[in-house]
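Text of work08.txt (compact mmCIF, C-alpha atoms) as supplied:
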```
# COMPACT_ATOMS: atom_id res chain seq x y z
CA MET Y 284 4.47 19.22 -6.61
CA SER Y 285 3.74 15.50 -6.34
CA THR Y 286 1.52 12.98 -4.57
CA SER Y 287 2.51 9.76 -2.84
CA ALA Y 288 1.17 7.53 -0.05
CA GLY Y 289 -1.85 9.74 0.57
CA GLU Y 290 0.19 12.94 0.80
CA LEU Y 291 0.67 16.03 -1.34
CA HIS Y 292 4.24 17.34 -1.48
CA THR Y 293 4.78 20.93 -2.61
CA THR Y 294 8.27 22.35 -3.02
CA GLN Y 295 8.94 26.04 -3.65
CA GLY Y 296 12.39 27.27 -4.51
CA VAL Y 297 14.89 27.84 -7.29
CA CYS Y 298 15.46 24.92 -9.65
CA GLY Y 299 19.05 23.79 -9.33
CA GLU Y 300 19.42 24.79 -5.67
CA GLU Y 301 18.84 22.57 -2.64
CA ASN Y 302 17.28 25.18 -0.35
CA GLY Y 303 13.68 24.74 -1.50
CA ASN Y 304 10.87 24.78 1.08
CA THR Y 305 8.80 21.57 1.01
CA GLU Y 306 5.35 21.31 2.54
CA THR Y 307 3.44 18.06 3.05
CA LEU Y 308 -0.35 17.91 3.24
CA ALA Y 309 -2.38 14.77 4.03
CA LEU Y 310 -4.94 13.97 1.31
CA SER Y 311 -8.55 13.17 2.08
CA GLU Y 312 -9.26 9.48 1.66
CA GLY Y 313 -10.70 8.60 -1.72
CA ARG Y 314 -9.67 11.83 -3.46
CA ASP Y 315 -8.13 11.47 -6.90
CA PRO Y 316 -4.45 12.62 -6.77
CA GLU Y 317 -4.56 13.83 -10.39
CA HIS Y 318 -7.61 15.98 -9.65
CA ILE Y 319 -5.81 17.50 -6.65
CA LEU Y 320 -2.75 18.30 -8.74
CA ARG Y 321 -4.97 19.98 -11.31
CA GLU Y 322 -6.64 22.10 -8.62
CA LYS Y 323 -3.30 23.23 -7.21
CA GLY Y 324 -1.99 23.89 -10.70
CA ALA Y 325 -5.00 26.08 -11.49
CA GLU Y 326 -4.38 28.07 -8.28
CA TRP Y 327 -0.79 28.71 -9.30
CA VAL Y 328 -1.87 29.81 -12.77
CA LYS Y 329 -4.09 32.46 -11.16
CA GLN Y 330 -1.04 33.64 -9.17
CA GLY Y 331 0.90 34.17 -12.40
CA TYR Y 332 2.78 30.87 -12.60
CA GLU Y 333 2.49 28.63 -15.60
CA LYS Y 334 3.65 25.25 -16.79
CA PRO Y 335 5.93 25.80 -19.79
CA ALA Y 336 5.21 24.01 -23.02
CA GLN Y 337 7.69 21.32 -23.95
CA SER Y 338 8.91 23.43 -26.88
CA GLN Y 339 9.93 26.15 -24.41
CA LEU Y 340 12.16 23.90 -22.34
CA HIS Y 341 15.82 23.12 -22.82
CA VAL Y 342 17.24 19.66 -23.33
CA MET Y 343 20.62 18.68 -21.89
CA THR Y 344 22.39 15.98 -23.86
CA LEU Y 345 25.28 14.10 -22.29
CA HIS Y 346 27.28 12.64 -25.15
CA PHE Y 347 29.73 9.99 -23.99
CA GLN Y 348 32.16 8.50 -26.49
CA MET Y 349 33.13 5.05 -25.27
CA ARG Y 350 35.15 2.11 -26.48
CA ARG Y 351 33.05 0.11 -28.92
CA TRP Y 352 30.95 -2.61 -27.34
CA THR Y 353 28.70 -4.93 -29.32
CA GLY Y 354 26.68 -6.59 -26.54
CA TYR Y 355 24.33 -5.31 -23.86
CA PRO Y 356 25.84 -2.23 -22.17
CA ALA Y 357 26.05 -3.76 -18.68
CA GLY Y 358 28.52 -6.31 -20.01
CA ALA Y 359 31.06 -3.66 -20.98
CA PRO Y 360 34.15 -3.53 -18.72
CA TRP Y 361 33.68 0.21 -18.19
CA TYR Y 362 29.94 0.09 -17.38
CA ASP Y 363 30.04 0.13 -13.55
CA ASP Y 364 32.55 3.00 -13.45
CA TRP Y 365 30.42 4.97 -15.90
CA THR Y 366 27.12 4.55 -14.06
CA SER Y 367 28.45 5.00 -10.52
CA GLY Y 368 30.77 7.87 -11.45
CA TYR Y 369 28.51 9.82 -13.79
CA LEU Y 370 24.91 8.73 -14.44
CA ASP Y 371 23.80 7.90 -10.90
CA PRO Y 372 25.15 11.08 -9.22
CA ILE Y 373 23.84 13.24 -12.10
CA GLN Y 374 20.38 11.74 -11.73
CA GLU Y 375 20.54 12.19 -7.95
CA ILE Y 376 21.48 15.88 -8.08
CA LEU Y 377 18.85 16.70 -10.73
CA GLU Y 378 16.17 15.04 -8.60
CA LYS Y 379 17.37 16.63 -5.35
CA THR Y 380 17.36 20.13 -6.86
CA CYS Y 381 14.20 19.63 -8.98
CA ASN Y 382 16.20 20.68 -12.01
CA GLY Y 383 15.81 17.89 -14.51
CA ILE Y 384 13.68 15.06 -15.86
CA PRO Y 385 15.29 12.12 -17.69
CA ARG Y 386 14.06 11.73 -21.25
CA GLY Y 387 15.75 8.46 -22.20
CA GLY Y 388 18.74 7.98 -24.43
CA GLU Y 389 20.24 6.09 -27.32
CA ARG Y 390 23.47 4.32 -28.15
CA PHE Y 391 25.27 3.31 -31.32
CA SER Y 392 28.85 2.76 -32.45
CA GLY Y 393 30.40 3.89 -29.16
CA ASN Y 394 28.15 6.96 -28.85
CA TYR Y 395 26.07 6.94 -25.66
CA LEU Y 396 23.60 9.83 -25.44
CA GLN Y 397 21.54 10.59 -22.33
CA TYR Y 398 18.77 13.22 -22.55
CA TYR Y 399 17.32 15.36 -19.75
CA VAL Y 400 14.81 18.20 -19.78
CA VAL Y 401 16.38 20.89 -17.56
CA PHE Y 402 14.96 24.09 -16.12
CA ASN Y 403 17.94 26.08 -14.83
CA THR Y 404 20.47 25.43 -17.56
CA ASP Y 405 23.42 27.18 -15.90
CA LEU Y 406 23.10 25.25 -12.64
CA ALA Y 407 22.48 21.97 -14.48
CA LEU Y 408 25.67 22.47 -16.50
CA GLU Y 409 27.62 23.40 -13.37
CA ALA Y 410 26.39 20.32 -11.50
CA VAL Y 411 27.33 17.93 -14.31
CA GLU Y 412 30.76 19.52 -14.74
CA GLN Y 413 31.46 19.16 -11.01
CA ILE Y 414 30.42 15.49 -11.04
CA ALA Y 415 32.56 14.79 -14.11
CA ALA Y 416 35.57 16.48 -12.50
CA ALA Y 417 35.16 14.39 -9.33
CA ALA Y 418 34.73 11.04 -11.12
CA SER Y 419 37.57 8.66 -10.30
CA VAL Y 420 37.49 7.11 -13.80
CA LYS Y 421 37.26 9.62 -16.64
CA PHE Y 422 35.20 9.25 -19.80
CA LEU Y 423 35.09 11.51 -22.84
CA LEU Y 424 31.99 13.66 -22.30
CA ASP Y 425 30.47 16.48 -24.32
CA ILE Y 426 27.61 18.42 -22.67
CA HIS Y 427 25.13 20.04 -25.04
CA ILE Y 428 22.18 22.23 -23.93
CA GLY Y 429 19.67 23.49 -26.47
CA ARG Y 430 16.04 23.52 -27.55
CA ARG Y 431 16.43 19.96 -28.78
CA GLU Y 432 18.71 17.03 -28.09
CA LYS Y 433 22.13 16.88 -29.69
CA GLN Y 434 22.07 14.99 -32.96
CA VAL Y 435 24.81 12.55 -33.89
CA GLN Y 436 24.65 10.90 -37.30
CA ILE Y 437 24.33 7.14 -37.17
CA PRO Y 438 27.36 5.66 -38.99
CA ILE Y 439 26.66 3.74 -42.19
CA ASP Y 440 28.82 0.90 -43.42
CA PRO Y 441 30.98 2.18 -46.31
CA ASN Y 442 29.98 -0.87 -48.37
CA VAL Y 443 26.34 0.30 -48.50
CA PRO Y 444 25.52 1.71 -51.98
CA GLU Y 445 25.34 5.50 -52.22
CA TYR Y 446 21.65 5.61 -53.16
CA LEU Y 447 20.76 3.63 -50.02
CA ARG Y 448 23.00 5.84 -47.89
CA THR Y 449 21.19 8.92 -49.18
CA LEU Y 450 17.79 7.34 -48.52
CA PHE Y 451 18.81 6.42 -44.97
CA ARG Y 452 19.92 10.00 -44.25
CA ILE Y 453 16.60 11.37 -45.54
CA VAL Y 454 14.62 8.99 -43.34
CA GLU Y 455 16.85 9.77 -40.33
CA LYS Y 456 16.39 13.53 -40.79
CA SER Y 457 12.63 13.20 -41.23
CA ALA Y 458 12.25 11.06 -38.11
CA ARG Y 459 14.18 13.55 -35.98
CA SER Y 460 12.20 16.48 -37.37
CA ILE Y 461 8.87 14.80 -36.68
CA ALA Y 462 9.92 13.93 -33.12
CA HIS Y 463 10.90 17.57 -32.56
CA GLU Y 464 7.73 19.09 -33.99
CA LEU Y 465 5.13 16.79 -32.41
CA PRO Y 466 5.08 18.62 -29.03
CA VAL Y 467 4.42 21.90 -30.88
CA LEU Y 468 1.65 20.47 -33.05
CA PHE Y 469 -0.07 18.68 -30.14
CA GLN Y 470 0.49 20.85 -27.09
CA GLY Y 471 -2.14 19.10 -24.99
CA ASP Y 472 -3.56 20.12 -21.65
CA PRO Y 473 -1.38 22.65 -19.75
CA LEU Y 474 -2.66 21.33 -16.41
CA GLN Y 475 -2.01 17.68 -17.22
CA PRO Y 476 0.29 16.35 -14.45
CA GLU Y 477 3.74 15.28 -15.61
CA VAL Y 478 4.38 11.57 -15.20
CA LEU Y 479 7.96 11.15 -14.05
CA PRO Y 480 9.99 7.98 -14.63
CA GLU Y 481 9.71 5.67 -11.65
CA LYS Y 482 12.80 5.86 -9.49
CA SER Y 483 14.55 2.53 -9.09
CA LYS Y 484 14.45 1.11 -5.57
CA HIS Y 485 17.40 -1.16 -6.26
CA LYS Y 486 20.73 -0.56 -4.57
CA ARG Y 487 23.48 -0.40 -7.21
CA ILE Y 488 26.57 -2.52 -6.60
CA SER Y 489 29.86 -1.12 -7.88
CA GLY Y 490 33.59 -1.14 -7.17
CA ASP Y 491 35.49 -4.25 -6.05
CA LEU Y 492 32.38 -6.18 -5.07
CA ALA Y 493 30.82 -5.66 -8.50
CA ARG Y 494 33.99 -6.73 -10.27
CA GLN Y 495 34.29 -9.86 -8.13
CA LEU Y 496 30.66 -10.87 -8.65
CA ARG Y 497 30.95 -10.40 -12.39
CA GLU Y 498 34.15 -12.47 -12.51
CA ASP Y 499 32.60 -15.25 -10.41
CA LEU Y 500 29.46 -15.27 -12.55
CA LYS Y 501 31.53 -15.59 -15.70
CA GLU Y 502 33.81 -18.27 -14.26
CA GLN Y 503 31.09 -20.45 -12.74
CA TRP Y 504 28.18 -19.89 -15.13
CA ASN Y 505 29.77 -18.41 -18.26
CA PHE Y 506 27.42 -15.41 -18.10
CA THR Y 507 28.73 -12.11 -19.46
CA SER Y 508 25.61 -9.91 -19.57
CA ASN Y 509 24.61 -11.36 -22.89
CA PHE Y 510 22.26 -14.04 -24.24
CA TRP Y 511 22.24 -17.24 -22.20
CA ASN Y 512 20.31 -20.52 -22.27
CA PRO Y 513 17.97 -21.19 -24.05
CA LEU Y 514 18.90 -18.34 -26.40
CA SER Y 515 22.41 -19.78 -26.47
CA GLU Y 516 24.11 -22.90 -25.14
CA ASP Y 517 26.55 -21.14 -22.83
CA SER Y 518 25.76 -22.76 -19.51
CA PRO Y 519 28.51 -25.15 -18.32
CA HIS Y 520 25.97 -26.92 -16.07
CA GLU Y 521 22.54 -28.47 -16.46
CA VAL Y 522 19.71 -25.96 -16.65
CA ILE Y 523 15.96 -26.13 -17.07
CA PHE Y 524 13.74 -23.44 -18.60
CA LEU Y 525 10.12 -22.51 -19.19
CA ASN Y 526 8.29 -20.19 -21.57
CA GLY Y 527 6.70 -18.22 -18.77
CA MET Y 528 5.74 -19.42 -15.31
CA GLU Y 529 2.49 -19.45 -13.36
CA GLU Y 530 2.30 -17.03 -10.44
CA PRO Y 531 1.79 -19.72 -7.74
CA ASN Y 532 4.94 -21.50 -8.89
CA LYS Y 533 6.87 -18.23 -8.86
CA GLN Y 534 5.87 -17.77 -5.24
CA LYS Y 535 6.99 -21.32 -4.44
CA ILE Y 536 10.41 -20.55 -5.92
CA VAL Y 537 10.67 -17.34 -3.91
CA GLN Y 538 9.76 -19.15 -0.69
CA LEU Y 539 12.28 -21.89 -1.45
CA LEU Y 540 15.04 -19.33 -2.02
CA GLN Y 541 14.13 -17.51 1.19
CA GLN Y 542 14.59 -20.79 3.08
CA LYS Y 543 17.82 -21.98 1.46
CA VAL Y 544 19.71 -18.77 0.50
CA SER Y 545 21.56 -16.23 2.57
CA LEU Y 546 20.80 -12.64 1.65
CA PRO Y 547 21.39 -10.53 -0.29
CA PHE Y 548 20.05 -11.43 -3.71
CA TYR Y 549 21.79 -9.85 -6.69
CA LEU Y 550 20.49 -8.88 -10.12
CA LEU Y 551 22.79 -8.35 -13.10
CA ASP Y 552 20.48 -6.48 -15.46
CA CYS Y 553 21.96 -6.52 -18.96
CA GLU Y 554 20.72 -2.98 -19.63
CA GLU Y 555 21.07 -1.31 -16.24
CA GLY Y 556 23.92 -3.01 -14.35
CA LEU Y 557 24.38 -4.84 -11.05
CA PHE Y 558 22.00 -4.35 -8.11
CA GLU Y 559 21.01 -5.77 -4.74
CA ILE Y 560 17.32 -6.72 -4.72
CA ASP Y 561 14.71 -8.13 -2.33
CA SER Y 562 13.25 -11.60 -2.72
CA GLU Y 563 9.86 -10.27 -3.86
CA GLU Y 564 11.63 -8.53 -6.75
CA ILE Y 565 13.19 -11.69 -8.21
CA PHE Y 566 10.45 -12.23 -10.78
CA GLY Y 567 9.78 -9.14 -12.83
CA ALA Y 568 13.08 -7.49 -11.90
CA ALA Y 569 14.70 -7.68 -15.33
CA HIS Y 570 13.83 -7.64 -19.01
CA GLU Y 571 17.09 -9.47 -19.68
CA GLY Y 572 19.38 -10.52 -16.84
CA MET Y 573 20.49 -12.95 -14.14
CA VAL Y 574 19.48 -13.26 -10.47
CA PHE Y 575 21.85 -15.04 -8.05
CA ASP Y 576 23.51 -14.84 -4.64
CA ALA Y 577 27.15 -14.68 -3.58
CA SER Y 578 27.46 -18.48 -3.43
CA LEU Y 579 26.67 -18.80 -7.18
CA SER Y 580 25.28 -22.29 -6.42
CA TRP Y 581 22.11 -21.33 -8.30
CA VAL Y 582 20.99 -18.78 -10.90
CA ILE Y 583 17.77 -17.62 -12.58
CA TYR Y 584 18.05 -16.08 -16.03
CA PHE Y 585 15.29 -13.95 -17.59
CA SER Y 586 15.35 -13.39 -21.34
CA HIS Y 587 13.64 -10.81 -23.53
CA HIS Y 588 11.70 -13.74 -25.03
CA PHE Y 589 10.06 -14.17 -21.60
CA THR Y 590 11.81 -17.47 -20.95
CA ILE Y 591 12.93 -18.23 -17.39
CA THR Y 592 15.97 -20.49 -16.97
CA PHE Y 593 17.00 -22.14 -13.69
CA GLY Y 594 20.50 -23.37 -12.88
CA GLY Y 595 21.88 -25.21 -9.85
CA ASP Y 596 21.35 -28.86 -8.89
CA TRP Y 597 18.84 -28.32 -6.10
CA LEU Y 598 16.94 -25.58 -7.92
CA VAL Y 599 16.67 -27.58 -11.16
CA LYS Y 600 15.36 -30.54 -9.14
CA ALA Y 601 12.79 -28.34 -7.38
CA VAL Y 602 11.47 -26.96 -10.68
CA ARG Y 603 11.20 -30.47 -12.15
CA ASN Y 604 9.17 -31.56 -9.13
CA MET Y 605 6.77 -28.66 -9.62
CA TYR Y 606 5.97 -29.85 -13.14
CA VAL Y 607 5.48 -33.57 -12.56
CA GLY Y 608 2.76 -34.54 -15.03
CA GLU Y 609 3.38 -31.35 -17.06
CA GLU Y 610 6.81 -32.23 -18.43
CA GLU Y 611 5.84 -30.83 -21.84
CA LYS Y 612 6.23 -27.33 -20.37
CA LEU Y 613 9.90 -27.91 -19.58
CA ASN Y 614 12.64 -27.05 -22.07
CA ALA Y 615 10.11 -26.43 -24.85
CA TRP Y 616 11.78 -24.03 -27.28
```
Kindly transcribe the structure held in the file into structure tokens.
Amino acid sequence: MSTSAGELHTTQGVCGEENGNTETLALSEGRDPEHILREKGAEWVKQGYEKPAQSQLHVMTLHFQMRRWTGYPAGAPWYDDWTSGYLDPIQEILEKTCNGIPRGGERFSGNYLQYYVVFNTDLALEAVEQIAAAASVKFLLDIHIGRREKQVQIPIDPNVPEYLRTLFRIVEKSARSIAHELPVLFQGDPLQPEVLPEKSKHKRISGDLARQLREDLKEQWNFTSNFWNPLSEDSPHEVIFLNGMEEPNKQKIVQLLQQKVSLPFYLLDCEEGLFEIDSEEIFGAAHEGMVFDASLSWVIYFSHHFTITFGGDWLVKAVRNMYVGEEEKLNAW
């Protein structure tokens, strides 16, 4: 059951199967969607249904063992094959069959763990196994389903003294135990609506096109899904950057790009991969990443320090013109 665009969507069926019956009801203007969800939830409780506590649910852990990679994941040579062959279709089937909610993940030393709360464990396992078998590029995958996520010990450098190694293991164990017990200690409101992660509207780019764009971006701008100017001095061309940018100037840049650039716009997000985006998504599209088009005559780099870097002769000139009389804001690091 969910609300969107003034409508209430109710799906009844078996989790893990695609034959659920969905009904759509228009909501009265001004009514609070959360209040409506609570009302419907209370009706279902009276009919004998209930929302399970988090401690009652199963967690599916997908444990991928990959070649070691020290930078942002999207820079790894295997990243596009991994996301398009495994993660994207797994997410799609869990959403389509209402059989799973993503619960984040972690990565360290070649271990990539993705967590999902699942409802029908047998069908979730079957779906993932089918997707893994159909993937054109294979990765070493272990699927674990249990009351809690699979635990993998974080490797410790052998040069670390034994007493510090022991202390680290105690802290690691305590942190995992606390994370597991918190939902039991603070069970909360059983009718509180579940906030699902927002589904990305971006169109993922993979295959030959993705490989070509990555190669061109590296060749022309020396960008490899890692830190770039001003965090580094990797740009082979002149760039200009700011520590944040006023909203009116952002809109001027968007309008300028709409006039001078042929669609589509691309985003290479250092965490999530390569996507096609709309012009209104240029600013705010990435925590760390590069926006560009197929010509590679210009780029905009966003860093996790909230700097915005512009590359390309005509774009650098345009930004300079915007800050005539405010030159102190340019390249201040």
Notebook entry, point to check: Pick the closest to Ser545 in chain Y from Y:Glu445, Y:Glu529, Y:Asp491, Y:Asp576: which is it, counting all atoms listed in the file?
Noted result: Y:Asp576
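Excluding Pro513 in chain Y and any residue on its chain fewer than 4 positions from it, the residues at most 10 Å away by only C-alpha atoms are Y:Asp517, Y:Ser518, Y:Val522, Y:Ile523, Y:Phe524, Y:Leu525, Y:Tyr584, Y:Ser586, Y:His588, Y:Thr590, Y:Ile591, Y:Thr592, Y:Asn614, Y:Ala615, Y:Trp616.
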Check: For Glu322 in chain Y, which of Y:Leu291, Y:Leu345, Y:Val297, Y:Leu340 is the closest residue, counting all atoms listed in the file?
Finding: Y:Leu291
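When only C-alpha atoms are used to measure the gap to Ile414 in chain Y, the shortest distance among Y:Tyr369, Y:Tyr355, Y:Phe593, Y:Phe585 belongs to Y:Tyr369.
With distances taken over all atoms listed in the file, Y:Thr293 is the one residue among Y:Ser580, Y:Arg431, Y:Thr293, Y:Asp364 lying closest to Trp327 in chain Y.
Proximity ranking of Y:His318, Y:His341, Y:Arg351, Y:His587 relative to Val401 in chain Y places Y:His341 first, based on all atoms listed in the file.
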